[in-house]
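For reference, input_16.txt is printed below; it contains compact mmCIF, C-alpha atoms.
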```txt
# COMPACT_ATOMS: atom_id res chain seq x y z
CA MET A 1 7.32 14.63 -9.88
CA ASP A 2 4.17 12.71 -10.62
CA ARG A 3 3.15 9.83 -8.47
CA GLY A 4 2.95 6.39 -9.98
CA HIS A 5 3.43 2.67 -9.67
CA GLU A 6 4.21 -0.28 -11.89
CA PHE A 7 4.32 -4.03 -11.48
CA LEU A 8 7.53 -5.86 -12.31
CA GLU A 9 7.86 -9.45 -13.45
CA HIS A 10 9.04 -11.76 -10.69
CA THR A 11 8.91 -15.51 -10.18
CA SER A 12 5.85 -16.56 -8.10
CA GLU A 13 5.56 -13.13 -6.52
CA THR A 14 4.72 -9.62 -7.59
CA VAL A 15 7.11 -6.73 -7.18
CA VAL A 16 5.62 -3.26 -7.17
CA ARG A 17 7.75 -0.18 -7.80
CA VAL A 18 6.24 2.97 -6.33
CA ARG A 19 7.46 6.54 -6.75
CA ALA A 20 6.30 9.76 -5.13
CA PRO A 21 7.61 13.12 -3.94
CA SER A 22 7.17 12.38 -0.20
CA LEU A 23 6.77 9.50 2.23
CA ALA A 24 3.08 10.34 2.71
CA ALA A 25 2.48 10.31 -1.05
CA LEU A 26 4.49 7.08 -1.39
CA LEU A 27 2.30 5.32 1.17
CA GLU A 28 -0.86 6.54 -0.57
CA GLU A 29 0.41 5.36 -3.96
CA ALA A 30 1.47 1.98 -2.55
CA GLY A 31 -2.05 1.63 -1.15
CA ARG A 32 -3.54 2.37 -4.57
CA ALA A 33 -1.25 -0.21 -6.18
CA LEU A 34 -2.31 -2.84 -3.64
CA ALA A 35 -5.99 -2.02 -4.18
CA GLU A 36 -5.51 -2.42 -7.94
CA LEU A 37 -4.11 -5.91 -7.37
CA GLU A 38 -6.71 -6.90 -4.78
CA LEU A 39 -9.56 -5.72 -6.99
CA ARG A 40 -7.84 -7.25 -10.05
CA GLY A 41 -8.19 -4.02 -11.98
CA ARG A 42 -11.97 -3.79 -11.53
CA SER A 43 -13.53 -0.43 -10.92
CA ALA A 44 -15.87 -0.35 -7.95
CA PRO A 45 -17.37 2.36 -5.76
CA VAL A 46 -15.59 3.35 -2.58
CA THR A 47 -18.11 3.30 0.26
CA GLY A 48 -18.43 3.60 3.97
CA PRO A 49 -16.91 5.88 6.53
CA TRP A 50 -13.27 6.83 6.79
CA ARG A 51 -11.30 4.81 9.33
CA GLU A 52 -8.09 5.77 11.11
CA VAL A 53 -4.89 3.74 10.64
CA THR A 54 -1.88 4.45 12.84
CA LEU A 55 1.38 2.49 12.68
CA ARG A 56 4.89 2.68 14.09
CA SER A 57 7.89 0.92 12.53
CA SER A 58 11.66 0.91 12.80
CA ASP A 59 12.28 2.92 9.59
CA ARG A 60 10.67 4.11 6.33
CA ALA A 61 11.12 0.82 4.48
CA ALA A 62 9.66 -1.25 7.33
CA LEU A 63 6.84 1.28 7.59
CA LEU A 64 5.96 0.68 3.93
CA VAL A 65 5.76 -3.10 4.48
CA ASP A 66 3.78 -2.70 7.70
CA TRP A 67 1.40 -0.25 5.96
CA LEU A 68 0.68 -2.69 3.14
CA ASN A 69 0.21 -5.58 5.56
CA GLU A 70 -2.23 -3.50 7.63
CA LEU A 71 -4.24 -2.76 4.48
CA LEU A 72 -4.26 -6.48 3.67
CA PHE A 73 -5.44 -7.26 7.20
CA ILE A 74 -8.33 -4.81 6.84
CA ALA A 75 -9.28 -6.36 3.49
CA GLU A 76 -9.26 -9.89 4.89
CA ARG A 77 -10.95 -9.16 8.21
CA GLU A 78 -13.57 -6.72 6.99
CA ARG A 79 -13.93 -7.71 3.32
CA LEU A 80 -13.11 -4.09 2.56
CA VAL A 81 -10.25 -3.29 0.18
CA PRO A 82 -8.84 0.11 1.17
CA ALA A 83 -8.75 2.19 -2.02
CA GLU A 84 -8.82 5.86 -0.91
CA PHE A 85 -6.11 7.23 1.32
CA GLU A 86 -5.38 10.44 3.20
CA VAL A 87 -2.03 10.26 4.94
CA GLN A 88 -2.18 12.99 7.53
CA GLU A 89 1.25 12.48 9.08
CA ALA A 90 4.25 10.35 8.07
CA ASP A 91 7.87 10.27 9.09
CA ALA A 92 10.69 7.72 9.21
CA GLY A 93 8.81 5.32 11.48
CA TYR A 94 5.26 6.57 11.90
CA VAL A 95 2.11 7.03 9.86
CA ARG A 96 -1.33 8.35 10.74
CA ALA A 97 -3.84 8.08 7.93
CA ARG A 98 -7.48 7.69 7.01
CA VAL A 99 -8.69 5.02 4.56
CA ARG A 100 -11.95 4.09 2.86
CA GLY A 101 -12.57 1.09 0.68
CA VAL A 102 -14.50 -1.13 -1.65
CA ARG A 103 -16.79 -3.64 0.03
CA LEU A 104 -16.58 -7.21 -1.28
CA ALA A 105 -18.78 -10.27 -0.79
CA GLU A 106 -15.71 -12.39 -0.02
CA PRO A 107 -12.22 -11.51 1.26
CA PRO A 108 -9.97 -10.88 -1.77
CA ALA A 109 -7.16 -13.29 -0.72
CA PHE A 110 -5.10 -12.49 -3.83
CA VAL A 111 -2.13 -10.93 -2.05
CA LYS A 112 -1.02 -12.82 1.06
CA ALA A 113 1.57 -10.38 2.43
CA ALA A 114 4.09 -7.66 1.73
CA THR A 115 7.57 -8.96 2.53
CA MET A 116 10.94 -7.54 3.55
CA GLY A 117 12.68 -9.65 0.88
CA ALA A 118 14.37 -7.48 -1.79
CA LEU A 119 12.80 -4.39 -0.21
CA SER A 120 14.35 -1.10 -1.25
CA LEU A 121 13.51 2.53 -0.65
CA LYS A 122 15.77 5.21 -2.10
CA GLU A 123 15.63 8.94 -2.63
CA ALA A 124 16.97 10.63 -5.75
CA ASP A 125 16.37 14.16 -7.01
CA GLY A 126 13.56 14.77 -4.54
CA THR A 127 11.68 11.58 -5.41
CA LEU A 128 11.26 8.49 -3.27
CA VAL A 129 11.34 5.20 -5.17
CA ALA A 130 10.47 1.94 -3.43
CA GLU A 131 10.28 -1.66 -4.53
CA VAL A 132 8.41 -4.13 -2.39
CA THR A 133 7.70 -7.81 -2.99
CA LEU A 134 4.14 -9.03 -2.54
CA ASP A 135 3.55 -12.71 -1.84
CA VAL A 136 0.65 -13.78 -4.07
```
What is this structure when it is put down as structure tokens?
Amino acid sequence: MDRGHEFLEHTSETVVRVRAPSLAALLEEAGRALAELELRGRSAPVTGPWREVTLRSSDRAALLVDWLNELLFIAERERLVPAEFEVQEADAGYVRARVRGVRLAEPPAFVKAATMGALSLKEADGTLVAEVTLDV
């Protein structure tokens, strides 16, 4: 199964559908989708050192939302949009990863938050498919 993501039409929000063969790959792909939105499709060099991100959540779906919100926090606080990801460990409620990003002159402020509304994460035929709503 190839990784991938797509953006779905939704009133006043953006829904991203992400698919991958594992939870680690799903989190990486979701990060790439968020970076694409935050950078508005622009190509820019990834710079700077890798930084560690560790999160705990109640389950896989909540972990996905918390992961995306942590990436948004990094982008806003540091003006650095995470765009490269190495998930080293991921299970139902935990992720340990490294991220690097694209430095910006101003915080991106395009996506406000990932939300729990209409959140879904399902597994079928060895593939995880998630849909998460992004407040824009």
Can you pull out the residues contacting Ala124 in chain A? Cut-off 12 Å, using all atoms listed in the file, and skip same-chain residues under 5 positions away; I want them as number ranges by chain. A: 1, 19-22, 129-130
Kindly give the distance, in Å, that separates CA of Ala109 in chain A and CA of Thr54 in chain A, rounded to a single decimal.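 Answer for the CA of Ala109 in chain A to CA of Thr54 in chain A separation: 22.9 Å.
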Go ahead and compute the interatomic distance for CA of Gly93 in chain A and CA of Leu63 in chain A, in Å to one decimal.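 Separation between CA of Gly93 in chain A and CA of Leu63 in chain A: 5.9 Å.
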Nearest-residue call for Gly101 in chain A, choices A:Ala118, A:Leu128, A:Val15, A:Val81, using only C-alpha atoms: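 The answer is A:Val81, which sits nearest to Gly101 in chain A.
Nearest to Asn69 in chain A of all the residues A:Ala114, A:Ala83, A:Glu13, A:Val132 is A:Ala114, based on all atoms listed in the file.
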Could you check how far CA of Leu80 in chain A sits from CA of Glu28 in chain A, in Å to one decimal? 16.5 Å
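With only C-alpha atoms taken into account, the protein and nucleic acid residues at most 6 Å from range 36-53 of chain A (excluding it and anything under 4 positions from it in its own chain) are Arg96, Ala97, Arg98, Val99, Arg100, Gly101, Val102, Pro108 and Phe110 of chain A.
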Using all atoms listed in the file, which of the listed residues (A:Leu119, A:Val95, A:Val65, A:Phe7) sits closest to Glu131 in chain A?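 Smallest separation from Glu131 in chain A among the options: A:Leu119.
Taking all atoms listed in the file into account, Lys112 in chain A lies nearest to A:Leu72 out of the set A:Leu26, A:Gln88, A:Leu72, A:Ser12.
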Nearest candidate to Gly31 in chain A (options A:Asp91, A:Asp59, A:Glu76, A:Glu84; using all atoms listed in the file): A:Glu84
